[in-house]
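A.B. asks: Next comes work23.cif, mmCIF, C-alpha atoms:
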```
data_model
#
loop_
_atom_site.label_atom_id
_atom_site.label_comp_id
_atom_site.auth_asym_id
_atom_site.auth_seq_id
_atom_site.Cartn_x
_atom_site.Cartn_y
_atom_site.Cartn_z
CA MET A 735 -96.72 176.64 274.58
CA ALA A 736 -94.38 178.34 277.01
CA SER A 737 -90.94 176.83 277.56
CA ASN A 738 -89.61 175.94 280.98
CA ASN A 739 -87.55 179.11 280.89
CA ASP A 740 -90.72 181.16 280.49
CA ARG A 741 -92.35 179.72 283.58
CA GLU A 742 -92.35 181.61 286.83
CA PRO A 743 -89.77 180.47 289.37
CA ASP A 744 -92.55 179.34 291.73
CA ALA A 745 -94.61 177.45 289.18
CA ASP A 746 -93.10 174.06 290.01
CA ALA A 747 -93.32 174.74 293.73
CA GLU A 748 -97.05 175.41 293.41
CA ALA A 749 -97.50 171.84 292.21
CA GLY A 750 -95.95 170.46 295.40
CA HIS A 751 -95.60 171.95 298.86
CA GLY A 752 -96.17 175.34 297.29
CA GLY A 753 -99.82 174.39 296.91
CA VAL A 754 -100.40 176.20 300.16
CA GLN A 755 -99.12 179.34 298.48
CA SER A 756 -101.59 178.81 295.65
CA VAL A 757 -104.44 178.58 298.14
CA ASP A 758 -103.27 181.73 299.86
CA ARG A 759 -103.07 183.55 296.53
CA ALA A 760 -106.52 182.32 295.48
CA LEU A 761 -107.97 183.66 298.71
CA ALA A 762 -106.20 186.97 298.11
CA VAL A 763 -107.84 187.16 294.68
CA LEU A 764 -111.25 186.57 296.24
CA GLU A 765 -110.62 189.27 298.82
CA ILE A 766 -109.69 191.76 296.10
CA LEU A 767 -112.86 190.98 294.15
CA ALA A 768 -114.96 191.18 297.32
CA ARG A 769 -113.48 194.59 298.10
CA ASP A 770 -113.55 196.12 294.62
CA GLY A 771 -116.55 194.37 293.09
CA HIS A 772 -114.64 193.49 289.93
CA ALA A 773 -111.08 193.59 288.61
CA GLY A 774 -109.02 192.57 285.61
CA VAL A 775 -106.03 190.27 285.43
CA SER A 776 -103.57 193.16 285.22
CA ASP A 777 -105.12 194.96 288.21
CA ILE A 778 -104.94 191.85 290.38
CA ALA A 779 -101.42 190.98 289.28
CA GLU A 780 -100.18 194.48 290.05
CA GLU A 781 -101.72 194.56 293.50
CA MET A 782 -100.46 191.09 294.43
CA GLY A 783 -97.05 191.61 292.87
CA ILE A 784 -97.13 188.42 290.79
CA HIS A 785 -97.13 187.59 287.07
CA LYS A 786 -100.31 187.89 285.05
CA SER A 787 -99.94 184.26 283.97
CA THR A 788 -100.20 183.17 287.61
CA VAL A 789 -103.29 185.30 288.10
CA SER A 790 -104.85 183.83 284.97
CA ARG A 791 -104.27 180.29 286.26
CA LEU A 792 -105.78 181.17 289.63
CA LEU A 793 -108.80 182.80 288.03
CA GLY A 794 -109.26 179.82 285.73
CA SER A 795 -109.45 177.47 288.69
CA LEU A 796 -111.85 179.77 290.53
CA VAL A 797 -114.06 180.12 287.47
CA SER A 798 -114.25 176.33 287.09
CA ARG A 799 -115.53 176.14 290.68
CA GLU A 800 -118.00 178.99 290.09
CA MET A 801 -116.25 181.03 292.77
CA VAL A 802 -115.51 183.69 290.18
CA HIS A 803 -117.37 184.83 287.07
CA GLN A 804 -115.95 186.72 284.09
CA ASN A 805 -117.98 189.60 282.71
CA SER A 806 -118.07 188.94 278.97
CA GLU A 807 -118.52 192.60 278.08
CA ARG A 808 -115.58 194.10 279.95
CA GLY A 809 -113.44 191.06 280.57
CA LYS A 810 -113.40 191.87 284.28
CA TYR A 811 -113.81 189.22 286.94
CA GLN A 812 -116.25 189.26 289.84
CA LEU A 813 -117.38 186.90 292.58
CA GLY A 814 -119.55 184.06 291.34
CA PHE A 815 -122.56 182.17 292.64
CA GLY A 816 -120.33 179.54 294.20
CA ILE A 817 -119.42 182.04 296.89
CA LEU A 818 -123.10 182.54 297.71
CA ARG A 819 -123.60 178.79 297.86
CA LEU A 820 -120.84 178.47 300.44
CA ALA A 821 -121.82 181.56 302.40
CA SER A 822 -125.47 180.54 302.67
CA SER A 823 -124.49 177.45 304.64
CA ILE A 824 -122.62 179.38 307.33
CA PRO A 825 -125.17 181.51 309.28
CA GLY A 826 -127.36 178.59 310.31
CA ARG A 827 -124.36 176.83 311.82
CA LEU A 828 -123.18 179.73 313.88
CA SER A 829 -124.33 179.93 317.47
CA LEU A 830 -124.40 183.43 318.87
CA VAL A 831 -123.85 182.17 322.41
CA ARG A 832 -120.94 179.96 321.39
CA GLU A 833 -119.24 182.65 319.34
CA ALA A 834 -119.76 185.34 321.97
CA ARG A 835 -118.72 183.34 325.03
CA PRO A 836 -114.94 184.01 324.97
CA VAL A 837 -115.57 187.68 324.26
CA LEU A 838 -117.96 187.99 327.22
CA GLU A 839 -115.43 186.33 329.50
CA GLY A 840 -112.71 188.68 328.29
CA LEU A 841 -114.87 191.73 328.98
CA ALA A 842 -115.80 190.51 332.45
CA GLU A 843 -112.15 189.93 333.27
CA GLU A 844 -111.00 193.28 331.88
CA PHE A 845 -113.66 195.51 333.42
CA LYS A 846 -114.41 193.43 336.54
CA GLU A 847 -118.19 193.65 336.15
CA THR A 848 -121.11 191.50 334.98
CA VAL A 849 -121.44 191.03 331.23
CA ASN A 850 -124.64 189.81 329.56
CA LEU A 851 -125.65 188.79 326.05
CA ALA A 852 -129.30 189.47 325.16
CA VAL A 853 -131.56 188.91 322.16
CA LEU A 854 -135.06 190.04 321.22
CA ARG A 855 -137.81 187.54 322.06
CA SER A 856 -141.57 188.10 322.27
CA ASN A 857 -141.38 191.87 322.81
CA TYR A 858 -138.71 191.51 325.49
CA ALA A 859 -134.95 191.30 325.81
CA VAL A 860 -133.93 187.87 327.05
CA ASN A 861 -130.47 187.26 328.44
CA VAL A 862 -128.98 184.15 326.85
CA ASP A 863 -125.51 184.18 328.44
CA GLN A 864 -123.64 185.85 331.27
CA ALA A 865 -120.07 186.24 332.47
CA MET A 866 -119.27 187.41 335.99
CA GLY A 867 -116.41 189.78 336.73
CA PRO A 868 -114.23 189.43 339.83
CA SER A 869 -115.59 192.66 341.33
CA THR A 870 -119.24 191.62 340.98
CA LEU A 871 -121.07 192.14 344.26
CA ALA A 872 -124.10 189.97 343.50
CA THR A 873 -124.23 186.56 341.86
CA TYR A 874 -127.72 186.85 340.39
CA ASP A 875 -128.09 184.78 337.22
CA TRP A 876 -129.90 186.78 334.54
CA VAL A 877 -129.82 184.01 331.93
CA GLY A 878 -133.32 183.20 330.68
CA ASN A 879 -134.89 186.30 332.22
CA LEU A 880 -137.20 188.43 330.09
CA THR A 881 -136.49 192.10 330.71
CA PRO A 882 -138.41 195.16 329.44
CA LEU A 883 -136.95 196.75 326.33
CA HIS A 884 -137.58 200.34 327.40
CA ALA A 885 -135.87 200.02 330.79
CA THR A 886 -132.67 198.11 329.99
CA SER A 887 -129.54 199.02 328.06
CA SER A 888 -129.73 195.90 325.88
CA GLY A 889 -133.42 196.52 325.30
CA LYS A 890 -132.81 200.07 324.12
CA VAL A 891 -130.12 198.88 321.71
CA LEU A 892 -132.49 196.27 320.30
CA LEU A 893 -135.36 198.76 320.08
CA ALA A 894 -133.22 201.39 318.35
CA ALA A 895 -132.34 198.91 315.60
CA LEU A 896 -135.94 198.01 314.76
CA PRO A 897 -137.93 199.51 311.90
CA ALA A 898 -140.23 202.28 313.16
CA GLU A 899 -143.36 200.21 312.49
CA GLU A 900 -142.09 197.21 314.46
CA ARG A 901 -140.91 199.39 317.32
CA ASP A 902 -144.30 201.12 317.45
CA ARG A 903 -146.10 197.77 317.55
CA ILE A 904 -143.99 196.49 320.44
CA LEU A 905 -144.24 199.64 322.52
CA THR A 906 -147.99 199.84 321.92
CA GLU A 907 -148.43 196.26 323.07
CA THR A 908 -146.13 196.41 326.10
CA GLY A 909 -146.55 200.04 327.12
CA LEU A 910 -143.88 201.76 329.21
CA PRO A 911 -144.55 200.51 332.73
CA PRO A 912 -142.27 202.00 335.42
CA ARG A 913 -139.78 199.66 337.03
CA THR A 914 -138.27 202.37 339.21
CA PRO A 915 -138.87 206.11 339.64
CA ARG A 916 -136.18 206.66 336.99
CA THR A 917 -137.77 204.52 334.27
CA ILE A 918 -138.66 206.49 331.14
CA THR A 919 -142.43 206.24 330.72
CA ASP A 920 -142.92 209.05 328.19
CA ARG A 921 -143.01 207.76 324.62
CA LYS A 922 -141.58 210.90 323.04
CA GLU A 923 -138.69 211.01 325.51
CA LEU A 924 -137.91 207.36 324.83
CA GLU A 925 -137.96 207.86 321.05
CA THR A 926 -135.53 210.76 321.40
CA GLN A 927 -133.21 208.62 323.48
CA LEU A 928 -133.39 205.78 320.95
CA LEU A 929 -132.22 208.18 318.24
CA ASP A 930 -129.18 208.91 320.41
CA VAL A 931 -128.57 205.19 320.89
CA ALA A 932 -128.66 204.60 317.13
CA ARG A 933 -126.33 207.54 316.53
CA ASP A 934 -123.82 206.80 319.30
CA GLY A 935 -123.77 203.01 318.93
CA TYR A 936 -124.50 202.30 322.58
CA GLY A 937 -127.25 202.69 325.16
CA VAL A 938 -127.02 203.48 328.89
CA VAL A 939 -129.53 203.06 331.70
CA ARG A 940 -129.05 204.49 335.17
CA GLU A 941 -131.27 202.77 337.74
CA GLU A 942 -134.15 202.56 335.24
CA PHE A 943 -134.60 198.80 335.63
CA GLU A 944 -133.38 198.33 339.17
CA ILE A 945 -132.38 200.85 341.83
CA GLY A 946 -128.63 200.80 342.31
CA LEU A 947 -127.89 199.25 338.90
CA THR A 948 -126.27 201.01 335.93
CA ALA A 949 -125.66 199.34 332.57
CA VAL A 950 -124.39 200.05 329.06
CA ALA A 951 -124.94 197.94 325.93
CA VAL A 952 -123.82 197.77 322.31
CA PRO A 953 -125.27 195.92 319.31
CA VAL A 954 -124.17 192.66 317.72
CA TYR A 955 -124.69 192.30 313.95
CA ASN A 956 -125.13 189.29 311.69
CA HIS A 957 -123.73 188.67 308.20
CA LEU A 958 -126.46 190.86 306.68
CA GLY A 959 -125.72 193.81 308.96
CA ALA A 960 -128.89 193.33 311.02
CA VAL A 961 -128.78 193.66 314.82
CA ILE A 962 -129.26 190.20 316.32
CA GLY A 963 -128.28 190.85 319.92
CA ALA A 964 -126.72 193.17 322.46
CA ILE A 965 -123.81 192.88 324.84
CA SER A 966 -124.08 194.78 328.11
CA ILE A 967 -121.87 195.54 331.09
CA SER A 968 -123.59 196.36 334.36
CA GLY A 969 -122.47 197.31 337.83
CA PRO A 970 -123.48 199.09 341.04
CA ALA A 971 -124.48 202.69 340.39
CA PHE A 972 -122.36 203.98 343.27
CA ARG A 973 -119.12 202.96 341.54
CA PHE A 974 -119.99 202.16 337.93
CA ASP A 975 -120.24 204.99 335.42
CA PRO A 976 -119.67 203.66 331.89
CA GLU A 977 -119.35 207.08 330.28
CA THR A 978 -116.47 208.13 332.53
CA ALA A 979 -114.71 204.78 333.00
CA PRO A 980 -111.54 204.92 330.86
CA GLY A 981 -111.89 202.89 327.69
CA LEU A 982 -115.02 201.03 328.77
CA ILE A 983 -117.41 202.08 326.01
CA GLU A 984 -114.69 201.77 323.37
CA GLY A 985 -113.77 198.33 324.66
CA LEU A 986 -117.39 197.24 324.70
CA GLN A 987 -117.93 198.48 321.16
CA GLN A 988 -114.85 196.62 319.97
CA ALA A 989 -116.17 193.49 321.67
CA GLY A 990 -119.50 193.93 319.90
CA LEU A 991 -117.73 194.16 316.56
CA GLN A 992 -115.60 191.15 317.41
CA VAL A 993 -118.66 188.98 318.06
CA SER A 994 -120.33 190.45 314.97
CA ALA A 995 -117.31 189.42 312.88
CA ARG A 996 -117.62 185.91 314.28
CA MET A 997 -121.22 185.95 313.04
CA GLY A 998 -120.11 186.93 309.54
CA TYR A 999 -120.48 190.70 309.75
CA THR A 1000 -118.16 192.85 307.67
CA ARG A 1001 -118.00 196.61 308.12
CA ARG A 1002 -118.54 198.46 304.84
#
```
Represent the structure from my file as C-alpha coordinates, please.
C.D. replies:
Amino acid sequence: MASNNDREPDADAEAGHGGVQSVDRALAVLEILARDGHAGVSDIAEEMGIHKSTVSRLLGSLVSREMVHQNSERGKYQLGFGILRLASSIPGRLSLVREARPVLEGLAEEFKETVNLAVLRSNYAVNVDQAMGPSTLATYDWVGNLTPLHATSSGKVLLAALPAEERDRILTETGLPPRTPRTITDRKELETQLLDVARDGYGVVREEFEIGLTAVAVPVYNHLGAVIGAISISGPAFRFDPETAPGLIEGLQQAGLQVSARMGYTRR
(Lines of atoms letter the chains of each structure in order from A and count residues from 1; the text may use other names and numbers.)
(Lines give C-alpha, C1' and ligand atoms only; values in the text may rest on other atoms or scores of the structure.)
Protein backbone atom coordinates (compact mmCIF):
# COMPACT_ATOMS: atom_id res chain seq x y z
CA MET A 1 0.00 0.00 0.00
CA ALA A 2 1.35 3.40 -0.90
CA SER A 3 2.16 5.82 1.91
CA ASN A 4 0.76 9.33 2.07
CA ASN A 5 4.10 10.61 0.81
CA ASP A 6 3.73 8.48 -2.31
CA ARG A 7 0.37 9.95 -3.22
CA GLU A 8 0.07 12.64 -5.83
CA PRO A 9 -0.33 16.17 -4.49
CA ASP A 10 -3.83 16.38 -5.99
CA ALA A 11 -5.08 13.03 -4.75
CA ASP A 12 -6.79 14.46 -1.66
CA ALA A 13 -8.22 17.35 -3.65
CA GLU A 14 -9.86 14.91 -6.05
CA ALA A 15 -11.88 13.54 -3.16
CA GLY A 16 -13.37 16.96 -2.43
CA HIS A 17 -13.81 20.02 -4.62
CA GLY A 18 -11.20 18.54 -6.93
CA GLY A 19 -13.82 16.04 -8.05
CA VAL A 20 -14.52 18.39 -10.92
CA GLN A 21 -10.92 17.92 -12.00
CA SER A 22 -11.41 14.15 -11.91
CA VAL A 23 -14.43 14.46 -14.18
CA ASP A 24 -12.49 16.66 -16.56
CA ARG A 25 -9.63 14.17 -16.62
CA ALA A 26 -11.98 11.23 -17.18
CA LEU A 27 -13.49 13.03 -20.16
CA ALA A 28 -10.00 13.73 -21.49
CA VAL A 29 -9.24 10.00 -21.28
CA LEU A 30 -12.40 9.21 -23.24
CA GLU A 31 -11.48 11.77 -25.88
CA ILE A 32 -8.02 10.23 -26.28
CA LEU A 33 -9.50 6.75 -26.71
CA ALA A 34 -12.11 8.07 -29.15
CA ARG A 35 -9.39 9.71 -31.21
CA ASP A 36 -6.79 6.93 -31.15
CA GLY A 37 -9.00 3.85 -30.90
CA HIS A 38 -6.95 2.40 -28.05
CA ALA A 39 -4.14 3.45 -25.72
CA GLY A 40 -2.16 2.22 -22.75
CA VAL A 41 -1.79 3.75 -19.31
CA SER A 42 1.65 5.16 -20.10
CA ASP A 43 0.49 6.71 -23.38
CA ILE A 44 -2.44 8.45 -21.71
CA ALA A 45 -0.39 9.61 -18.74
CA GLU A 46 2.27 11.10 -21.00
CA GLU A 47 -0.23 12.97 -23.14
CA MET A 48 -2.17 14.33 -20.17
CA GLY A 49 0.94 15.11 -18.15
CA ILE A 50 -0.21 13.26 -15.01
CA HIS A 51 1.00 10.23 -13.04
CA LYS A 52 0.25 6.74 -14.27
CA SER A 53 -1.38 5.95 -10.92
CA THR A 54 -3.96 8.68 -11.55
CA VAL A 55 -4.65 7.33 -15.02
CA SER A 56 -5.06 3.83 -13.62
CA ARG A 57 -7.62 5.07 -11.09
CA LEU A 58 -9.53 6.92 -13.79
CA LEU A 59 -9.53 3.90 -16.09
CA GLY A 60 -10.65 1.67 -13.24
CA SER A 61 -13.69 3.85 -12.64
CA LEU A 62 -14.49 4.00 -16.35
CA VAL A 63 -14.14 0.23 -16.70
CA SER A 64 -16.54 -0.33 -13.79
CA ARG A 65 -19.12 1.79 -15.64
CA GLU A 66 -18.45 -0.03 -18.93
CA MET A 67 -17.35 3.24 -20.50
CA VAL A 68 -13.95 1.70 -21.18
CA HIS A 69 -12.85 -1.86 -21.92
CA GLN A 70 -9.38 -3.34 -21.51
CA ASN A 71 -8.07 -5.54 -24.30
CA SER A 72 -6.79 -8.63 -22.49
CA GLU A 73 -4.26 -9.47 -25.19
CA ARG A 74 -2.41 -6.16 -25.41
CA GLY A 75 -3.41 -4.52 -22.17
CA LYS A 76 -4.60 -1.48 -24.10
CA TYR A 77 -7.83 0.32 -23.28
CA GLN A 78 -10.61 1.21 -25.68
CA LEU A 79 -14.12 2.65 -25.49
CA GLY A 80 -16.67 0.25 -24.07
CA PHE A 81 -20.30 -0.56 -24.74
CA GLY A 82 -21.42 1.91 -22.10
CA ILE A 83 -20.52 4.72 -24.48
CA LEU A 84 -22.77 3.22 -27.14
CA ARG A 85 -25.58 2.90 -24.63
CA LEU A 86 -25.35 6.59 -23.82
CA ALA A 87 -24.85 7.71 -27.41
CA SER A 88 -27.82 5.73 -28.70
CA SER A 89 -30.18 7.77 -26.55
CA ILE A 90 -29.07 11.12 -27.97
CA PRO A 91 -30.12 11.26 -31.67
CA GLY A 92 -33.81 10.68 -31.01
CA ARG A 93 -33.88 13.60 -28.60
CA LEU A 94 -32.25 16.07 -30.91
CA SER A 95 -34.50 18.29 -32.98
CA LEU A 96 -32.93 19.52 -36.18
CA VAL A 97 -35.09 22.64 -36.21
CA ARG A 98 -34.31 23.45 -32.58
CA GLU A 99 -30.58 22.91 -32.96
CA ALA A 100 -30.38 24.83 -36.24
CA ARG A 101 -32.50 27.84 -35.26
CA PRO A 102 -29.79 30.05 -33.70
CA VAL A 103 -27.43 29.25 -36.56
CA LEU A 104 -30.05 30.23 -39.16
CA GLU A 105 -30.69 33.49 -37.37
CA GLY A 106 -26.97 34.22 -37.23
CA LEU A 107 -26.61 33.63 -40.96
CA ALA A 108 -29.59 35.82 -41.80
CA GLU A 109 -28.17 38.62 -39.68
CA GLU A 110 -24.66 38.31 -41.09
CA PHE A 111 -25.52 38.06 -44.78
CA LYS A 112 -28.78 40.04 -44.74
CA GLU A 113 -30.71 37.50 -46.82
CA THR A 114 -33.30 34.74 -46.34
CA VAL A 115 -32.04 31.51 -44.81
CA ASN A 116 -33.95 28.22 -45.02
CA LEU A 117 -33.57 24.76 -43.52
CA ALA A 118 -34.88 21.91 -45.70
CA VAL A 119 -35.18 18.14 -45.41
CA LEU A 120 -36.09 15.35 -47.82
CA ARG A 121 -39.74 14.30 -47.72
CA SER A 122 -41.72 12.26 -50.26
CA ASN A 123 -39.41 12.96 -53.21
CA TYR A 124 -39.32 16.68 -52.46
CA ALA A 125 -37.36 19.16 -50.38
CA VAL A 126 -39.57 20.63 -47.67
CA ASN A 127 -38.55 23.77 -45.84
CA VAL A 128 -38.94 23.25 -42.10
CA ASP A 129 -37.61 26.59 -40.82
CA GLN A 130 -36.73 30.03 -42.09
CA ALA A 131 -34.92 33.14 -40.88
CA MET A 132 -35.34 36.48 -42.61
CA GLY A 133 -32.44 38.87 -43.13
CA PRO A 134 -32.83 42.64 -42.80
CA SER A 135 -32.24 43.16 -46.53
CA THR A 136 -34.93 40.69 -47.59
CA LEU A 137 -37.22 42.26 -50.17
CA ALA A 138 -40.08 39.77 -49.89
CA THR A 139 -41.61 38.24 -46.78
CA TYR A 140 -42.80 35.00 -48.36
CA ASP A 141 -42.88 32.15 -45.85
CA TRP A 142 -41.40 28.99 -47.37
CA VAL A 143 -41.92 26.83 -44.29
CA GLY A 144 -43.95 23.72 -45.11
CA ASN A 145 -43.60 24.15 -48.87
CA LEU A 146 -42.59 21.16 -50.97
CA THR A 147 -40.06 22.22 -53.60
CA PRO A 148 -38.62 20.18 -56.50
CA LEU A 149 -35.26 18.61 -55.79
CA HIS A 150 -33.80 19.24 -59.24
CA ALA A 151 -34.58 22.96 -59.29
CA THR A 152 -33.54 24.14 -55.82
CA SER A 153 -30.18 24.48 -54.12
CA SER A 154 -31.29 22.49 -51.06
CA GLY A 155 -32.81 19.86 -53.32
CA LYS A 156 -29.58 19.41 -55.26
CA VAL A 157 -27.62 19.02 -52.03
CA LEU A 158 -30.07 16.37 -50.82
CA LEU A 159 -30.06 14.60 -54.19
CA ALA A 160 -26.26 14.58 -54.39
CA ALA A 161 -26.05 12.79 -51.04
CA LEU A 162 -28.38 9.94 -52.01
CA PRO A 163 -27.24 6.52 -53.19
CA ALA A 164 -27.41 6.28 -56.99
CA GLU A 165 -30.31 3.81 -56.88
CA GLU A 166 -32.43 6.02 -54.62
CA ARG A 167 -31.66 9.12 -56.68
CA ASP A 168 -32.61 7.28 -59.87
CA ARG A 169 -35.91 6.16 -58.34
CA ILE A 170 -36.85 9.69 -57.27
CA LEU A 171 -35.92 11.33 -60.55
CA THR A 172 -37.74 8.64 -62.52
CA GLU A 173 -40.88 9.17 -60.46
CA THR A 174 -40.83 12.97 -60.42
CA GLY A 175 -39.21 13.68 -63.77
CA LEU A 176 -37.48 17.02 -64.39
CA PRO A 177 -40.35 19.41 -65.08
CA PRO A 178 -39.29 22.98 -65.94
CA ARG A 179 -40.08 25.66 -63.40
CA THR A 180 -38.44 28.42 -65.42
CA PRO A 181 -36.57 28.54 -68.74
CA ARG A 182 -33.36 28.04 -66.74
CA THR A 183 -34.42 24.81 -65.00
CA ILE A 184 -32.20 21.85 -65.84
CA THR A 185 -34.41 19.27 -67.54
CA ASP A 186 -31.68 17.05 -69.02
CA ARG A 187 -30.90 14.07 -66.80
CA LYS A 188 -27.26 13.78 -67.84
CA GLU A 189 -26.63 17.48 -67.25
CA LEU A 190 -28.22 17.25 -63.81
CA GLU A 191 -26.14 14.20 -62.85
CA THR A 192 -22.98 16.03 -63.86
CA GLN A 193 -23.96 19.00 -61.73
CA LEU A 194 -24.72 16.74 -58.76
CA LEU A 195 -21.19 15.35 -58.96
CA ASP A 196 -19.92 18.93 -58.66
CA VAL A 197 -22.21 19.52 -55.67
CA ALA A 198 -20.88 16.42 -53.91
CA ARG A 199 -17.29 17.44 -54.66
CA ASP A 200 -17.58 21.12 -53.74
CA GLY A 201 -19.83 20.71 -50.71
CA TYR A 202 -22.46 23.18 -51.88
CA GLY A 203 -25.06 23.65 -54.61
CA VAL A 204 -26.16 26.81 -56.43
CA VAL A 205 -29.25 27.57 -58.49
CA ARG A 206 -29.67 30.71 -60.57
CA GLU A 207 -33.32 31.39 -61.40
CA GLU A 208 -34.00 27.66 -61.90
CA PHE A 209 -36.89 27.56 -59.43
CA GLU A 210 -38.13 31.12 -59.69
CA ILE A 211 -37.15 33.94 -62.03
CA GLY A 212 -35.17 36.55 -60.13
CA LEU A 213 -34.14 34.19 -57.31
CA THR A 214 -30.63 32.82 -56.70
CA ALA A 215 -29.78 30.42 -53.88
CA VAL A 216 -26.90 28.38 -52.47
CA ALA A 217 -27.13 25.45 -50.03
CA VAL A 218 -24.87 23.19 -47.98
CA PRO A 219 -25.53 19.84 -46.29
CA VAL A 220 -26.24 19.08 -42.64
CA TYR A 221 -25.02 15.73 -41.29
CA ASN A 222 -26.17 13.53 -38.42
CA HIS A 223 -24.10 11.53 -35.93
CA LEU A 224 -23.58 8.78 -38.52
CA GLY A 225 -22.30 11.17 -41.18
CA ALA A 226 -25.46 10.93 -43.28
CA VAL A 227 -26.98 14.06 -44.85
CA ILE A 228 -30.22 14.85 -43.03
CA GLY A 229 -30.91 18.35 -44.29
CA ALA A 230 -29.66 21.41 -46.12
CA ILE A 231 -29.23 25.04 -45.18
CA SER A 232 -29.70 27.59 -47.95
CA ILE A 233 -29.30 31.32 -48.41
CA SER A 234 -31.32 32.96 -51.15
CA GLY A 235 -31.67 36.46 -52.52
CA PRO A 236 -32.62 38.52 -55.58
CA ALA A 237 -30.57 37.55 -58.62
CA PHE A 238 -29.82 41.17 -59.49
CA ARG A 239 -27.74 41.65 -56.33
CA PHE A 240 -27.08 38.20 -54.89
CA ASP A 241 -24.21 36.15 -56.26
CA PRO A 242 -23.07 33.59 -53.67
CA GLU A 243 -19.90 32.62 -55.51
CA THR A 244 -18.56 36.18 -55.56
CA ALA A 245 -19.91 37.46 -52.23
CA PRO A 246 -16.92 37.62 -49.84
CA GLY A 247 -16.96 34.79 -47.35
CA LEU A 248 -20.54 33.73 -48.03
CA ILE A 249 -19.99 30.13 -49.12
CA GLU A 250 -17.32 29.60 -46.46
CA GLY A 251 -19.62 31.06 -43.81
CA LEU A 252 -22.51 28.90 -44.96
CA GLN A 253 -20.35 25.78 -44.91
CA GLN A 254 -19.17 26.57 -41.40
CA ALA A 255 -22.79 27.03 -40.36
CA GLY A 256 -23.66 23.65 -41.86
CA LEU A 257 -20.88 22.02 -39.87
CA GLN A 258 -21.97 23.86 -36.74
CA VAL A 259 -25.51 22.48 -36.99
CA SER A 260 -24.10 19.06 -37.88
CA ALA A 261 -21.98 19.13 -34.71
CA ARG A 262 -25.12 19.93 -32.72
CA MET A 263 -26.65 16.81 -34.26
CA GLY A 264 -23.70 14.68 -33.14
CA TYR A 265 -21.57 14.78 -36.27
CA THR A 266 -17.81 14.56 -35.89
CA ARG A 267 -15.48 15.17 -38.81
CA ARG A 268 -13.06 12.29 -39.33
A.B. asks: CA of Gly990 in chain A to CA of His957 in chain A: how many Å, to one decimal?
C.D. replies: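 Between CA of Gly990 in chain A and CA of His957 in chain A the gap works out to 13.5 Å.
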A.B. asks: Report, in Å to a single decimal, how far apart CA of Glu941 in chain A and CA of Asn850 in chain A are.
C.D. replies: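 It comes out at 16.7 Å.
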A.B. asks: What's the 12 Å shell around Val950 in chain A, counting only C-alpha atoms, without same-chain residues fewer than 4 positions away, as JSON, numbers by chain?
C.D. replies: {"A": [847, 848, 849, 850, 851, 885, 886, 887, 888, 889, 890, 891, 931, 934, 935, 936, 937, 938, 939, 940, 941, 942, 964, 965, 966, 967, 968, 969, 971, 974, 975, 976, 977, 978, 979, 982, 983, 984, 985, 986, 987]}
A.B. asks: Which residue is closest to Ala834 in chain A? Choose from A:Ala960, A:Leu893, A:Arg933, A:Val954 and count only C-alpha atoms.
C.D. replies: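 Closest candidate: A:Val954.
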A.B. asks: I would like the residues chosen by the PyMOL selection byres ((chain A and resi 860-869) around 7) on the shown file; could you give them as a list of chain:residue names?
C.D. replies: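 Written out, the selection comes to A:Val831, A:Leu838, A:Glu839, A:Ala842, A:Glu843, A:Lys846, A:Glu847, A:Thr848, A:Val849, A:Asn850, A:Leu851, A:Ala852, A:Val853, A:Leu854, A:Arg855, A:Tyr858, A:Ala859, A:Thr870, A:Leu871, A:Trp876, A:Val877, A:Gly878, A:Asn879, A:Leu880, A:Thr881.
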A.B. asks: Quick one, how far is CA of Ala768 in chain A from CA of Val754 in chain A?
C.D. replies: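 Value for the CA of Ala768 in chain A-CA of Val754 in chain A distance: 21.1 Å.
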A.B. asks: Tell me which of A:Ala894, A:Gly840, A:Pro915, A:Ser795 sits closest to Asp930 in chain A, counting all atoms listed in the file.
C.D. replies: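 Ranking A:Ala894, A:Gly840, A:Pro915, A:Ser795 by distance to Asp930 in chain A, first place goes to A:Ala894.
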